[in-house]
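Listing of entry15.txt, compact mmCIF, C-alpha atoms and all ligand atoms
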```txt
# COMPACT_ATOMS: atom_id res chain seq x y z
CA MET A 47 19.89 5.75 -2.59
CA ALA A 48 18.63 4.45 -5.92
CA LYS A 49 16.92 6.67 -8.40
CA ARG A 50 13.20 7.00 -8.15
CA PRO A 51 11.34 4.09 -9.74
CA ASN A 52 10.16 5.16 -13.15
CA PRO A 53 6.76 3.83 -14.30
CA ARG A 54 7.88 4.29 -17.92
CA SER A 55 10.45 1.54 -17.57
CA VAL A 56 7.57 -0.92 -17.21
CA ARG A 57 5.60 -2.20 -20.19
CA ALA A 58 1.86 -2.30 -19.57
CA ALA A 59 1.05 -5.27 -21.76
CA ARG A 60 3.35 -7.86 -20.22
CA SER A 61 3.53 -9.74 -16.95
CA TYR A 62 6.52 -9.68 -14.68
CA THR A 63 7.89 -12.08 -12.13
CA LEU A 64 9.08 -10.38 -8.96
CA GLN A 65 12.68 -10.53 -10.15
CA GLU A 66 11.82 -9.18 -13.60
CA ALA A 67 9.85 -6.34 -12.05
CA ALA A 68 12.72 -5.54 -9.69
CA ASP A 69 15.20 -5.55 -12.59
CA ALA A 70 12.97 -3.42 -14.82
CA ILE A 71 12.55 -0.73 -12.18
CA GLY A 72 15.97 -0.97 -10.59
CA VAL A 73 14.90 -1.93 -7.07
CA SER A 74 15.46 -5.05 -4.97
CA ILE A 75 13.09 -7.99 -5.03
CA GLY A 76 12.40 -7.26 -1.35
CA THR A 77 11.14 -3.81 -2.31
CA VAL A 78 8.73 -5.39 -4.81
CA ARG A 79 7.48 -7.81 -2.12
CA GLY A 80 6.95 -4.83 0.16
CA TRP A 81 4.87 -3.12 -2.52
CA ILE A 82 2.68 -6.21 -2.83
CA ARG A 83 2.11 -6.13 0.93
CA THR A 84 1.11 -2.47 0.70
CA GLY A 85 -1.31 -2.81 -2.17
CA LEU A 86 0.40 -3.66 -5.47
CA PRO A 87 -1.92 -6.18 -7.16
CA ALA A 88 -0.22 -9.50 -7.89
CA PHE A 89 -1.22 -13.07 -8.65
CA VAL A 90 0.15 -14.46 -5.41
CA GLY A 91 -1.79 -17.71 -5.58
CA ARG A 92 0.49 -19.10 -8.28
CA ARG A 93 4.19 -19.70 -8.76
CA PRO A 94 5.90 -17.76 -9.99
CA VAL A 95 4.04 -14.77 -8.60
CA LEU A 96 3.16 -12.52 -11.51
CA ILE A 97 2.55 -8.81 -11.66
CA VAL A 98 0.75 -7.25 -14.61
CA GLY A 99 2.74 -4.39 -16.11
CA SER A 100 -0.21 -2.01 -16.16
CA ASP A 101 -0.84 -2.67 -12.43
CA LEU A 102 2.80 -1.98 -11.70
CA GLN A 103 2.71 1.25 -13.68
CA ALA A 104 -0.43 2.41 -11.90
CA PHE A 105 1.06 1.53 -8.53
CA LEU A 106 4.25 3.48 -9.21
CA GLN A 107 2.33 6.45 -10.55
CA ASN A 108 0.12 6.45 -7.47
CA ARG A 109 3.11 6.28 -5.18
CA ARG A 110 4.50 9.36 -6.88
CA ALA A 111 1.17 11.16 -6.61
CA ARG A 112 0.76 10.11 -3.01
CA SER A 113 4.17 11.43 -2.05
CA ARG A 114 2.98 14.88 -3.13
CA ILE A 115 -0.30 14.72 -1.23
CA ASP A 116 -0.57 15.49 2.44
CA LEU A 117 -3.11 13.17 3.95
CA SER A 118 -5.05 14.26 6.97
CA GLU A 119 -4.75 11.98 9.91
CA ASP A 120 -8.22 10.59 9.25
CA GLU A 121 -7.60 9.92 5.55
CA PHE A 122 -6.18 7.09 3.48
CA PHE A 123 -4.94 7.31 -0.07
CA CYS A 124 -7.24 5.19 -2.25
CA LEU A 125 -5.35 3.59 -5.13
CA ARG A 126 -8.51 3.19 -7.16
CA CYS A 127 -9.98 6.68 -6.62
CA LYS A 128 -6.44 8.13 -6.68
CA LEU A 129 -7.63 10.52 -3.98
CA PRO A 130 -7.46 10.85 -0.22
CA ARG A 131 -10.49 9.11 1.26
CA LYS A 132 -11.88 8.42 4.68
CA PRO A 133 -12.41 4.76 5.57
CA PHE A 134 -15.95 3.44 5.41
CA GLY A 135 -17.61 3.98 8.78
CA MET A 136 -14.22 5.21 10.08
CA LEU A 137 -13.61 1.51 10.65
CA VAL A 138 -10.04 0.22 10.36
CA ASP A 139 -8.13 -2.97 11.05
CA LEU A 140 -4.86 -2.61 12.87
CA HIS A 141 -1.87 -4.77 11.94
CA LEU A 142 1.23 -4.41 14.06
CA GLN A 143 4.15 -4.53 11.65
CA SER A 144 7.19 -4.05 13.84
CA ALA A 145 8.21 -2.65 17.19
CA LYS A 146 7.66 0.84 15.86
CA THR A 147 5.16 0.71 13.05
CA ALA A 148 1.61 -0.41 12.50
CA ARG A 149 -0.50 -0.64 9.36
CA LEU A 150 -4.08 0.52 9.27
CA VAL A 151 -6.38 -1.02 6.69
CA GLY A 152 -9.71 0.59 5.89
CA LEU A 153 -12.16 0.31 3.03
CA CYS A 154 -12.49 3.41 0.85
CA GLU A 155 -15.83 5.02 1.72
CA VAL A 156 -16.46 5.69 -1.97
CA CYS A 157 -15.35 2.58 -3.87
CA GLY A 158 -14.72 0.00 -1.11
CA THR A 159 -11.13 -0.70 -2.11
CA PRO A 160 -8.92 -1.71 0.82
CA CYS A 161 -6.52 1.12 1.62
CA ASN A 162 -3.36 0.93 3.71
CA LYS A 163 -1.72 3.52 5.86
CA MET A 164 1.47 3.15 7.86
CA VAL A 165 1.51 4.79 11.25
CA SER A 166 3.82 4.95 14.21
CA ARG A 167 2.83 2.80 17.15
CA ARG A 168 3.49 5.83 19.33
CA ASP A 169 0.40 7.39 17.77
CA LEU A 170 -1.96 4.46 18.37
CA ALA A 171 -3.75 6.07 21.29
CA ARG A 172 -4.63 9.09 19.19
CA ILE A 173 -5.52 6.87 16.22
CA GLY A 174 -7.95 5.03 18.45
CA GLN A 175 -9.78 8.30 18.98
CA ILE A 176 -9.96 9.06 15.25
CA PHE A 177 -10.95 5.63 13.96
CA ASP A 178 -13.04 2.76 15.15
CA VAL A 179 -10.21 0.23 15.40
CA ALA A 180 -11.71 -3.19 14.73
CA GLY A 181 -8.96 -5.72 15.14
CA LYS A 182 -5.54 -5.92 16.60
CA VAL A 183 -3.87 -8.41 14.32
CA GLY A 184 -0.52 -9.79 15.37
CA SER A 185 -0.64 -7.94 18.65
CA GLN A 186 2.07 -9.30 20.92
CA ALA A 187 3.39 -6.32 22.81
ZN ZN A 201 -11.73 4.61 -3.49
```
Represent the supplied structure as structure tokens.
Ligand SMILES: [Zn+2]
Amino acid sequence: MAKRPNPRSVRAARSYTLQEAADAIGVSIGTVRGWIRTGLPAFVGRRPVLIVGSDLQAFLQNRRARSRIDLSEDEFFCLRCKLPRKPFGMLVDLHLQSAKTARLVGLCEVCGTPCNKMVSRRDLARIGQIFDVAGKVGSQA
């Protein structure tokens, strides 16, 4: 297991390609792509995809903070508020990620930022009672 990504190894004022970001932090490029899917801001409309150092720092710092926070089942961690938040209207979109996991996306009830939360597909029945689940995206099973 690699050491924990350190936000201090990233310089705020420069932009990073995915490979540069991976090298700077000491993770694989696949890990960086995964972070972008789960909320790391990136300029994905251009090639190469660029990540702003300050965004990367904030993302890593929030991941650290989040790992210390126990979210209630009805809460998301908002990257902008840096706090656990309930989704606006308790409304979430459901994205099936794999055979075992699903991603819930809700808008922070305070600032409107999209927030992600990974859940086990085993728990979907209970999640349906907590949230108003709007869409089943990629639902095959
Ligand atoms: Zn928020």
- Excluding range 176-178 of chain A and any residue of its chain fewer than 6 positions from it, enumerate the residues within 7 Å of it, using only C-alpha atoms, and give them as a VMD selection string. chain A and resid 120 136 to 138
- Query: Using only C-alpha atoms, which residue out of A:Ala180, A:Leu142, A:Val151, A:Ala104 lies closest to Arg168 in chain A?
  - Reply: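 The shortest atom-to-atom distance to Arg168 in chain A comes from A:Leu142.
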- Query: Quick one: of A:Leu102, A:Gln143, A:Gly91, A:Arg83, who's nearest to Ser61 in chain A, counting all atoms listed in the file?
  - Reply: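 Residue with the minimum atom-to-atom distance to Ser61 in chain A: A:Leu102.
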- Item | Closest of A:Cys161, A:Gly80, A:Asp169, A:Leu125 to Lys146 in chain A - atom-to-atom distances counting all atoms listed in the file | A:Asp169
- Query: Within 8 Å of ligand ZN 201 (chain A), counting all atoms listed in the file, which protein or nucleic acid residues do you find, written as a ChimeraX atom specification?
  - Reply: /A:124-129,131,153-159
